[in-house]
>>> print(open('structure_5.txt').read())   # compact mmCIF, C-alpha atoms and all ligand atoms
# COMPACT_ATOMS: atom_id res chain seq x y z
CA MET S 13 -37.31 16.33 -34.77
CA ALA S 14 -37.16 12.87 -33.26
CA LEU S 15 -40.51 11.51 -32.29
CA THR S 16 -41.55 8.97 -29.74
CA LYS S 17 -44.87 7.66 -28.49
CA CYS S 18 -46.43 8.75 -25.24
CA LYS S 19 -46.71 5.83 -22.87
CA ALA S 20 -50.03 7.02 -21.51
CA CYS S 21 -52.03 8.08 -24.60
CA ASP S 22 -49.95 6.48 -27.38
CA LYS S 23 -49.84 9.71 -29.42
CA GLU S 24 -46.67 10.86 -31.11
CA ILE S 25 -44.69 13.41 -29.15
CA SER S 26 -41.28 15.01 -29.39
CA LYS S 27 -38.48 13.12 -27.71
CA ASN S 28 -37.30 16.39 -26.23
CA ALA S 29 -40.68 17.22 -24.69
CA LYS S 30 -40.66 17.10 -20.92
CA LYS S 31 -44.28 16.02 -20.90
CA CYS S 32 -46.89 14.89 -23.38
CA PRO S 33 -48.70 17.89 -24.95
CA HIS S 34 -51.82 15.72 -25.37
CA CYS S 35 -52.35 14.26 -21.94
CA GLY S 36 -49.69 15.86 -19.77
CA GLU S 37 -47.94 12.59 -18.92
CA PRO S 38 -44.25 13.25 -18.08
CA THR S 39 -41.90 11.61 -20.55
CA PRO S 40 -39.14 9.40 -19.15
CA LYS S 41 -36.05 11.47 -18.57
CA LYS S 42 -33.19 10.78 -20.90
CA THR S 43 -29.93 10.38 -19.02
CA SER S 44 -27.63 13.14 -20.20
CA SER S 45 -24.15 12.31 -21.42
CA LEU S 46 -22.69 14.37 -18.58
CA THR S 47 -24.48 12.19 -16.05
CA TRP S 48 -23.00 9.15 -17.76
CA ILE S 49 -19.46 10.58 -17.67
CA VAL S 50 -19.79 11.39 -13.97
CA ALA S 51 -21.19 7.93 -13.28
CA ILE S 52 -18.37 6.23 -15.18
CA LEU S 53 -15.70 8.32 -13.41
CA PHE S 54 -17.33 7.46 -10.11
CA VAL S 55 -17.20 3.75 -10.91
CA LEU S 56 -13.59 3.97 -12.12
CA PHE S 57 -12.64 5.80 -8.95
CA PHE S 58 -14.12 3.06 -6.81
CA VAL S 59 -12.57 0.30 -8.89
CA SER S 60 -9.13 1.88 -8.50
CA MET S 61 -9.69 2.31 -4.75
CA CYS S 62 -10.70 -1.32 -4.45
CA SER S 63 -7.79 -2.63 -6.52
CA GLN S 64 -5.41 -0.84 -4.16
CA GLU S 65 -7.19 -2.24 -1.14
CA SER S 66 -7.59 -5.69 -2.54
CA LYS S 67 -3.93 -6.69 -2.51
CA SER S 68 -4.04 -10.19 -1.20
CA PRO S 69 -2.17 -11.00 2.03
CA ALA S 70 0.13 -13.14 -0.10
CA GLN S 71 0.99 -10.16 -2.34
CA ARG S 72 1.63 -7.97 0.69
CA ALA S 73 3.78 -10.66 2.30
CA GLN S 74 5.78 -10.94 -0.93
CA GLU S 75 6.40 -7.18 -0.88
CA ASP S 76 7.52 -7.29 2.76
CA CYS S 77 9.73 -10.27 1.92
CA THR S 78 11.91 -8.22 -0.43
CA ASN S 79 11.52 -4.83 1.29
CA GLY S 80 15.03 -3.77 2.35
CA ILE S 81 14.04 -0.68 4.35
CA LEU S 82 11.47 -2.58 6.38
CA SER S 83 13.91 -5.43 6.94
CA TYR S 84 16.56 -2.98 8.12
CA TYR S 85 14.11 -1.61 10.68
CA TYR S 86 13.71 -5.10 12.13
CA ALA S 87 17.44 -5.73 11.90
CA GLU S 88 17.93 -2.65 14.12
CA VAL S 89 15.52 -4.14 16.66
CA PHE S 90 17.62 -7.33 16.82
CA ILE S 91 20.87 -5.37 17.06
CA LYS S 92 19.49 -3.25 19.91
CA LYS S 93 18.77 -6.42 21.89
CA ASN S 94 22.50 -7.18 21.69
CA LEU S 95 23.67 -3.76 22.80
CA LYS S 96 24.55 -2.86 26.38
CA SER S 97 22.70 0.42 26.05
CA PRO S 98 20.03 0.09 23.32
CA THR S 99 18.55 3.54 23.97
CA SER S 100 21.88 5.21 23.22
CA ALA S 101 22.20 3.50 19.83
CA ILE S 102 22.64 5.68 16.78
CA PHE S 103 22.09 3.69 13.62
CA PRO S 104 23.20 4.70 10.16
CA SER S 105 20.36 5.29 7.71
CA TYR S 106 19.38 2.51 5.34
CA SER S 107 21.33 4.15 2.50
CA ASP S 108 24.51 4.05 4.60
CA VAL S 109 24.46 0.35 5.41
CA GLN S 110 25.49 -2.47 3.19
CA HIS S 111 22.38 -4.43 2.31
CA THR S 112 22.47 -7.77 0.56
CA TYR S 113 19.34 -9.61 -0.41
CA LEU S 114 20.12 -13.31 -0.17
CA GLY S 115 16.85 -14.50 -1.66
CA GLU S 116 14.03 -16.36 0.07
CA CYS S 117 13.26 -13.31 2.24
CA LYS S 118 16.72 -13.26 3.80
CA HIS S 119 18.56 -9.97 4.18
CA THR S 120 22.06 -9.25 5.40
CA PHE S 121 22.99 -5.82 6.70
CA SER S 122 26.40 -4.64 7.73
CA GLY S 123 27.48 -1.29 9.03
CA THR S 124 28.48 0.58 12.15
CA VAL S 125 26.26 1.50 15.06
CA ASN S 126 27.35 3.93 17.75
CA ALA S 127 26.23 3.07 21.24
CA GLN S 128 27.33 3.39 24.84
CA ASN S 129 29.32 0.54 26.29
CA ALA S 130 29.03 -0.75 29.86
CA PHE S 131 31.05 2.25 31.06
CA GLY S 132 28.87 4.82 29.33
CA ALA S 133 31.40 5.64 26.62
CA MET S 134 30.13 5.94 23.04
CA ILE S 135 31.83 3.35 20.90
CA ALA S 136 31.38 2.22 17.32
CA ASN S 137 30.16 -1.34 16.93
CA THR S 138 30.48 -3.10 13.61
CA PHE S 139 27.44 -5.22 12.99
CA ASN S 140 26.67 -7.95 10.53
CA VAL S 141 23.17 -9.25 10.83
CA THR S 142 21.07 -11.63 8.77
CA ILE S 143 17.33 -11.71 9.23
CA ARG S 144 14.69 -13.80 7.56
CA TYR S 145 11.09 -12.84 6.94
CA ASP S 146 8.60 -15.63 7.28
CA LYS S 147 5.67 -15.05 4.93
CA SER S 148 3.28 -17.44 6.64
CA THR S 149 3.68 -15.90 10.10
CA GLN S 150 4.64 -12.42 8.79
CA THR S 151 7.43 -12.29 11.34
CA TYR S 152 11.12 -11.49 11.13
CA TYR S 153 13.56 -13.98 12.55
CA LEU S 154 17.20 -13.45 13.45
CA GLU S 155 19.39 -15.86 11.52
CA HIS S 156 22.80 -14.53 12.44
CA ILE S 157 24.28 -11.60 14.28
CA SER S 158 27.80 -10.44 14.97
CA LEU S 159 28.53 -7.26 16.85
CA GLU S 160 32.08 -6.14 17.49
ZN ZN S 201 -49.86 11.51 -23.81
>>> encode(input="structure_5.txt", output="structure tokens", more="lines below")
Ligand SMILES: [Zn+2]
Amino acid sequence: MALTKCKACDKEISKNAKKCPHCGEPTPKKTSSLTWIVAILFVLFFVSMCSQESKSPAQRAQEDCTNGILSYYYAEVFIKKNLKSPTSAIFPSYSDVQHTYLGECKHTFSGTVNAQNAFGAMIANTFNVTIRYDKSTQTYYLEHISLE
């Protein structure tokens, strides 16, 4: 049996003893391996949480820069501004439009949007729009739009 010395009376006692049999002094608790495992998991959990949170604004901006779905959302906003009846617009889903990434955060989308014309009739408009994401201002800018 492993022995250790009591801190209070300096007599040899069992490491497993909860308190000294000579003087009654409680022995320092040994941290169980289970406690260690839980503690380590807890730390790992927090580290992983933090690493997800700690994406720098530059990293996030870079992701937005190349994000086609997000860019298409903003492209729709620009197209709506050019429609006679924006509320009537029915856009194709991202998978149904032609998306070209031009590099440097520029995206071109082309497809067909259905919307009411000035007379209230639903017509198909062919759009071709190029938008640019500015990383420093985190804003989308319209570079080019054609709507026929
Ligand atoms: Zn003792």
>>> closest_residue(input="structure_5.txt", among="S:Ser45, S:Thr112, S:Thr39, S:Asn28", to="Leu15 (chain S)", atoms="all atoms listed in the file")
S:Asn28
>>> residues_around(input="structure_5.txt", residues="Pro69 (chain S)", least_positions_apart="6", cutoff="12 Å", atoms="only C-alpha atoms", output="list in words")
Glu75, Asp76, Cys77, Lys147, Ser148, Thr149 and Gln150 of chain S
>>> atom_distance(input="structure_5.txt", atom1="CA of Phe131 (chain S)", atom2="CA of Ser105 (chain S)")
25.9 Å
>>> closest_residue(input="structure_5.txt", among="S:Ala29, S:Ala130, S:Leu46, S:Ala14", to="ligand ZN 201 (chain S)", atoms="only C-alpha atoms and all ligand atoms")
S:Ala29
>>> residues_near_ligand(input="structure_5.txt", ligand="ligand ZN 201 (chain S)", cutoff="10 Å", atoms="all atoms listed in the file", output="list of chain:residue names")
S:Lys17, S:Cys18, S:Lys19, S:Ala20, S:Cys21, S:Asp22, S:Lys23, S:Glu24, S:Ile25, S:Lys31, S:Cys32, S:Pro33, S:His34, S:Cys35, S:Gly36, S:Glu37, S:Pro38, S:Thr39
>>> residues_around(input="structure_5.txt", residues="Asn137 (chain S)", least_positions_apart="5", cutoff="10 Å", atoms="only C-alpha atoms", output="PyMOL selection string")
chain S and resi 95+101+123-129+158-160
>>> write_last_selection(input="structure_5.txt", atoms="C-alpha atoms", output="PDB file, in the frame of the given file")
ATOM      1  CA  LEU S  95      23.670  -3.760  22.800  1.00  0.00           C
ATOM      2  CA  ALA S 101      22.200   3.500  19.830  1.00  0.00           C
ATOM      3  CA  GLY S 123      27.480  -1.290   9.030  1.00  0.00           C
ATOM      4  CA  THR S 124      28.480   0.580  12.150  1.00  0.00           C
ATOM      5  CA  VAL S 125      26.260   1.500  15.060  1.00  0.00           C
ATOM      6  CA  ASN S 126      27.350   3.930  17.750  1.00  0.00           C
ATOM      7  CA  ALA S 127      26.230   3.070  21.240  1.00  0.00           C
ATOM      8  CA  GLN S 128      27.330   3.390  24.840  1.00  0.00           C
ATOM      9  CA  ASN S 129      29.320   0.540  26.290  1.00  0.00           C
ATOM     10  CA  SER S 158      27.800 -10.440  14.970  1.00  0.00           C
ATOM     11  CA  LEU S 159      28.530  -7.260  16.850  1.00  0.00           C
ATOM     12  CA  GLU S 160      32.080  -6.140  17.490  1.00  0.00           C
TER      13      GLU S 160
END
>>> axis_aligned_box(input="structure_5.txt", around="region 94-98 of chain S", padding_each_side="8 Å", output="JSON")
{"center_x": 22.3, "center_y": -3.4, "center_z": 24.0, "size_x": 20.5, "size_y": 23.6, "size_z": 20.7}
>>> residues_around(input="structure_5.txt", residues="region 71-74 of chain S", least_positions_apart="5", cutoff="12 Å", atoms="only C-alpha atoms", output="list in words")
Gln64, Glu65, Ser66, Asn79, Leu82, Gly115, Glu116, Cys117, Tyr145, Asp146, Lys147, Ser148, Thr149, Gln150, Thr151 and Tyr152 of chain S
>>> closest_residue(input="structure_5.txt", among="S:Ile49, S:Ser122, S:Thr99, S:Tyr86", to="Ile143 (chain S)", atoms="all atoms listed in the file")
S:Tyr86
>>> atom_distance(input="structure_5.txt", atom1="CA of Lys96 (chain S)", atom2="CA of Asn140 (chain S)")
16.8 Å
>>> atom_distance(input="structure_5.txt", atom1="CA of Gly80 (chain S)", atom2="CA of Thr142 (chain S)")
11.8 Å
>>> closest_residue(input="structure_5.txt", among="S:Cys62, S:Val109, S:Leu154, S:Val50", to="Ala87 (chain S)", atoms="all atoms listed in the file")
S:Leu154
>>> closest_residue(input="structure_5.txt", among="S:Ile157, S:Lys92, S:Lys30, S:Ala133", to="Phe121 (chain S)", atoms="only C-alpha atoms")
S:Ile157
>>> closest_residue(input="structure_5.txt", among="S:Lys27, S:Arg144, S:His156, S:Lys93", to="Thr78 (chain S)", atoms="only C-alpha atoms")
S:Arg144
